[in-house]
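Chemist: What follows is a single structure, and I will ask about it in a moment.
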Amino acid sequence: MQEIERKFLLKSNSFKDEAYASYSIQQAYLNSHKERTTRIRITGEEAFITVKGKSSKSGLSRFEWEKNIPVAEAEELLQLCEPGKIEKTRYLIKVGKHTFEVDEFYKDNEGLTVAEVELTSETEQVKLPDWLGKEVTGDKRYYNSYLVQNPYKNWKE
């Protein structure tokens with residue numbers, strides 16, 4: 001499956017007033033090679049293993065394969081992961097026909113908040129809410145696999 005998304009920094013926290021749901025996420029990587037990553041993620045009562053391929057030249061799309069796995073198995077796999085873990089809260093906000101996923105990061109990535117919106121094509125138009133800031137689509141520094149190895153606290157703008 002091809003994942004197509006745009007990614008933005010935020011200029012305010014007003015998105016929290018518009019969120020219809022939120023949940024905690026913890027994740028780590030079995031493999032964080034630049035050509036492909038394999039991620040283990042736990043979101044409350046659900047867990048997933050996800051493989052992502054290399055991004056397109058535009059940074060908008062890449063291959064993604066994801067499968068639900070039992071939480072107990074995910075917890076075991078987290079013990080095999082590369083050093084570092086992402087911990088964040090994800091907020092879901094409906095804007096027009098799209099749902100923005102806003103991730104507020106913690107620990108070594110404290111202070112970073114990123115919004116993503118999935119698209120059906122690279123040319124699909126999307127209404128951008130006022131709380132969005134600079135677009136960082138394709139900027140690898142904002143990939144979770146990069147943030148595990150190079151935390152935001154070490155390079156924040």
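All residue names refer to the structure tokens as shown: chains lettered A, B, ... in order, residues numbered from 1 in each chain, ligands numbered from 1 in order.
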Taking the backbone alone, and naming residues the way the document does, which bits of segment 19-157 of chain A are alpha helix (DSSP H) by DSSP, as number ranges by chain?
Modeler: A: 71-78, 144-149
Chemist: Store the residues of this selection in a file with N, CA and C atoms, as a PDB file, in the first residue's frame.
Modeler:
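Now in part-v3.pdb:
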ATOM      1  N   VAL A  71      -0.643  -7.214  21.861  1.00  0.00           N
ATOM      2  CA  VAL A  71       0.145  -6.277  22.661  1.00  0.00           C
ATOM      3  C   VAL A  71       1.287  -6.994  23.371  1.00  0.00           C
ATOM      4  N   ALA A  72       1.044  -8.189  23.887  1.00  0.00           N
ATOM      5  CA  ALA A  72       2.097  -8.940  24.589  1.00  0.00           C
ATOM      6  C   ALA A  72       3.271  -9.220  23.651  1.00  0.00           C
ATOM      7  N   GLU A  73       2.992  -9.548  22.395  1.00  0.00           N
ATOM      8  CA  GLU A  73       4.069  -9.791  21.428  1.00  0.00           C
ATOM      9  C   GLU A  73       4.807  -8.488  21.113  1.00  0.00           C
ATOM     10  N   ALA A  74       4.071  -7.394  20.992  1.00  0.00           N
ATOM     11  CA  ALA A  74       4.705  -6.099  20.733  1.00  0.00           C
ATOM     12  C   ALA A  74       5.639  -5.730  21.886  1.00  0.00           C
ATOM     13  N   GLU A  75       5.203  -5.960  23.116  1.00  0.00           N
ATOM     14  CA  GLU A  75       6.047  -5.664  24.277  1.00  0.00           C
ATOM     15  C   GLU A  75       7.336  -6.488  24.242  1.00  0.00           C
ATOM     16  N   GLU A  76       7.245  -7.757  23.820  1.00  0.00           N
ATOM     17  CA  GLU A  76       8.436  -8.592  23.685  1.00  0.00           C
ATOM     18  C   GLU A  76       9.339  -8.057  22.581  1.00  0.00           C
ATOM     19  N   LEU A  77       8.769  -7.674  21.447  1.00  0.00           N
ATOM     20  CA  LEU A  77       9.554  -7.158  20.323  1.00  0.00           C
ATOM     21  C   LEU A  77      10.232  -5.832  20.667  1.00  0.00           C
ATOM     22  N   LEU A  78       9.590  -5.014  21.494  1.00  0.00           N
ATOM     23  CA  LEU A  78      10.216  -3.753  21.908  1.00  0.00           C
ATOM     24  C   LEU A  78      11.569  -3.995  22.591  1.00  0.00           C
ATOM     25  N   ASN A 144       9.886   9.785  12.554  1.00  0.00           N
ATOM     26  CA  ASN A 144      10.074   9.182  13.874  1.00  0.00           C
ATOM     27  C   ASN A 144      11.361   8.360  13.941  1.00  0.00           C
ATOM     28  N   SER A 145      11.700   7.670  12.856  1.00  0.00           N
ATOM     29  CA  SER A 145      12.915   6.851  12.848  1.00  0.00           C
ATOM     30  C   SER A 145      14.165   7.722  13.008  1.00  0.00           C
ATOM     31  N   TYR A 146      14.125   8.966  12.528  1.00  0.00           N
ATOM     32  CA  TYR A 146      15.233   9.900  12.709  1.00  0.00           C
ATOM     33  C   TYR A 146      15.246  10.418  14.146  1.00  0.00           C
ATOM     34  N   LEU A 147      14.058  10.740  14.672  1.00  0.00           N
ATOM     35  CA  LEU A 147      13.953  11.303  16.022  1.00  0.00           C
ATOM     36  C   LEU A 147      14.437  10.336  17.102  1.00  0.00           C
ATOM     37  N   VAL A 148      14.357   9.045  16.846  1.00  0.00           N
ATOM     38  CA  VAL A 148      14.870   8.056  17.804  1.00  0.00           C
ATOM     39  C   VAL A 148      16.380   8.197  17.911  1.00  0.00           C
ATOM     40  N   GLN A 149      17.057   8.378  16.782  1.00  0.00           N
ATOM     41  CA  GLN A 149      18.518   8.435  16.761  1.00  0.00           C
ATOM     42  C   GLN A 149      19.060   9.855  16.970  1.00  0.00           C
TER      43      GLN A 149
END
Chemist: Would you return as a PyMOL selection string the members of chain A that DSSP assigns to strand (DSSP E) on this structure's backbone?
Modeler: chain A and resi 2-10+21-33+36-43+46-53+61-69+86-95+98-105+113-118+132-135
Chemist: So which residues touch Phe8 of chain A within 12 Å, counting only C-alpha atoms, skipping near sequence neighbours fewer than 3 positions away, as an MDAnalysis selection string?
Modeler: chainID A and resid 5 11:12 100:103 112:118 128:139 142:143
Chemist: Quick one: pull the distance between atom CA of Phe15 of chain A and atom CA of Thr89 of chain A, Å, one decimal.
Modeler: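 Between atom CA of Phe15 of chain A and atom CA of Thr89 of chain A the gap works out to 12.9 Å.
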Chemist: One decimal, in Å: what's the spacing between atom CA of Asn31 of chain A and atom CA of Leu119 of chain A?
Modeler: 26.0 Å
Chemist: Just the residues within 10 Å of segment 17-25 of chain A, please, counting only C-alpha atoms, with nothing from its chain fewer than 3 positions along; format it as a PyMOL selection string.
Modeler: chain A and resi 13-14+41-44+46-47+86-95+99-105
Chemist: Can you write out the residues you just picked, keeping C-alpha atoms, as an mmCIF file, in the first residue's frame?
Modeler:
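See selection36.cif below for the written result:
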data_model
loop_
_atom_site.group_PDB
_atom_site.id
_atom_site.type_symbol
_atom_site.label_atom_id
_atom_site.label_comp_id
_atom_site.auth_asym_id
_atom_site.auth_seq_id
_atom_site.Cartn_x
_atom_site.Cartn_y
_atom_site.Cartn_z
ATOM 1 C CA ASN A 13 -1.813 24.538 20.632
ATOM 2 C CA SER A 14 -5.373 25.545 19.740
ATOM 3 C CA ARG A 41 3.986 0.477 18.014
ATOM 4 C CA ILE A 42 1.657 0.159 20.989
ATOM 5 C CA THR A 43 -1.413 2.415 21.166
ATOM 6 C CA GLY A 44 -3.360 1.519 24.284
ATOM 7 C CA GLU A 46 -3.682 -2.266 20.174
ATOM 8 C CA ALA A 47 -0.255 -3.009 18.743
ATOM 9 C CA ILE A 86 9.337 7.475 20.786
ATOM 10 C CA GLU A 87 6.672 8.471 23.305
ATOM 11 C CA LYS A 88 3.895 10.813 22.231
ATOM 12 C CA THR A 89 0.221 11.645 22.423
ATOM 13 C CA ARG A 90 -1.719 11.605 19.174
ATOM 14 C CA TYR A 91 -4.709 13.918 18.733
ATOM 15 C CA LEU A 92 -7.264 13.416 15.952
ATOM 16 C CA ILE A 93 -8.841 16.527 14.419
ATOM 17 C CA LYS A 94 -11.382 16.551 11.599
ATOM 18 C CA VAL A 95 -10.895 19.434 9.128
ATOM 19 C CA THR A 99 -8.435 13.958 9.607
ATOM 20 C CA PHE A 100 -5.243 15.549 10.890
ATOM 21 C CA GLU A 101 -3.133 13.457 13.257
ATOM 22 C CA VAL A 102 -1.213 15.743 15.609
ATOM 23 C CA ASP A 103 1.639 14.180 17.585
ATOM 24 C CA GLU A 104 2.894 15.868 20.747
ATOM 25 C CA PHE A 105 6.260 14.326 21.645
#
Chemist: Any idea what's packed within 9 Å of Leu60 of chain A, counting only C-alpha atoms, ignoring anything in its chain fewer than 3 positions away? Could you give it as a PyMOL selection string?
Modeler: chain A and resi 3-7+55-57+122+137-138
Chemist: Export N, CA and C atoms of the chosen residues as a short mmCIF file (atom, residue, chain, number, x, y, z; two decimals), in the first residue's frame?
Modeler:
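What landed in again_15.cif:
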data_model
loop_
_atom_site.label_atom_id
_atom_site.label_comp_id
_atom_site.auth_asym_id
_atom_site.auth_seq_id
_atom_site.Cartn_x
_atom_site.Cartn_y
_atom_site.Cartn_z
N GLU A 3 1.49 5.05 1.06
CA GLU A 3 1.07 6.07 2.02
C GLU A 3 1.43 7.43 1.42
N ILE A 4 0.44 8.33 1.36
CA ILE A 4 0.67 9.68 0.85
C ILE A 4 0.25 10.64 1.96
N GLU A 5 1.18 11.49 2.41
CA GLU A 5 0.85 12.41 3.49
C GLU A 5 1.69 13.67 3.42
N ARG A 6 1.13 14.72 4.01
CA ARG A 6 1.85 15.98 4.20
C ARG A 6 2.06 16.16 5.69
N LYS A 7 3.17 16.83 6.05
CA LYS A 7 3.54 16.98 7.45
C LYS A 7 3.84 18.45 7.72
N SER A 55 11.05 7.10 0.94
CA SER A 55 10.13 8.13 0.46
C SER A 55 10.40 8.46 -1.00
N SER A 56 9.35 8.93 -1.69
CA SER A 56 9.47 9.41 -3.06
C SER A 56 10.33 10.68 -3.05
N LYS A 57 10.72 11.13 -4.23
CA LYS A 57 11.55 12.35 -4.33
C LYS A 57 10.86 13.54 -3.70
N GLU A 122 -0.98 12.67 -4.56
CA GLU A 122 -0.02 13.73 -4.24
C GLU A 122 -0.55 15.11 -4.62
N THR A 137 7.03 18.43 5.04
CA THR A 137 6.90 17.21 4.25
C THR A 137 8.24 16.90 3.60
N GLY A 138 8.70 15.68 3.75
CA GLY A 138 9.95 15.25 3.13
C GLY A 138 11.20 15.60 3.92
#
Chemist: Pick the closest to Tyr152 of chain A from A:Lys107, A:Ile49, A:Arg36, A:Thr123: which is it, counting only C-alpha atoms?
Modeler: A:Lys107
Chemist: With only C-alpha atoms as the basis for distance, which of A:Arg39, A:Lys85, A:Leu10, A:Lys34 is at the shortest distance from Tyr106 of chain A?
Modeler: A:Lys85
Chemist: Show which residues sit within 9 Å of Lys127 of chain A, as number ranges by chain. Count only C-alpha atoms, and ignore same-chain residues fewer than 3 positions away.
Modeler: A: 95-98
Chemist: Mind dumping the selected residues with N, CA, C and O atoms as a tab-separated table (two decimals), in the first residue's frame?
Modeler:
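Output (part17.tsv):
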chain	number	residue	atom	x	y	z
A	95	VAL	N	-10.90	18.14	9.82
A	95	VAL	CA	-10.90	19.43	9.13
A	95	VAL	C	-11.42	19.17	7.72
A	95	VAL	O	-10.74	18.53	6.92
A	96	GLY	N	-12.65	19.61	7.45
A	96	GLY	CA	-13.26	19.29	6.16
A	96	GLY	C	-13.42	17.79	6.04
A	96	GLY	O	-13.89	17.14	6.96
A	97	LYS	N	-12.97	17.23	4.92
A	97	LYS	CA	-13.10	15.78	4.72
A	97	LYS	C	-11.86	15.01	5.18
A	97	LYS	O	-11.78	13.80	5.02
A	98	HIS	N	-10.88	15.70	5.76
A	98	HIS	CA	-9.64	15.07	6.19
A	98	HIS	C	-9.54	15.02	7.72
A	98	HIS	O	-10.12	15.84	8.41
Chemist: Calculated over only C-alpha atoms, which of the candidates A:Trp155, A:Lys16, A:Ser32, A:Arg141 has the smallest distance to Glu82 of chain A?
Modeler: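 Ranked by minimum distance to Glu82 of chain A, first place goes to A:Ser32.
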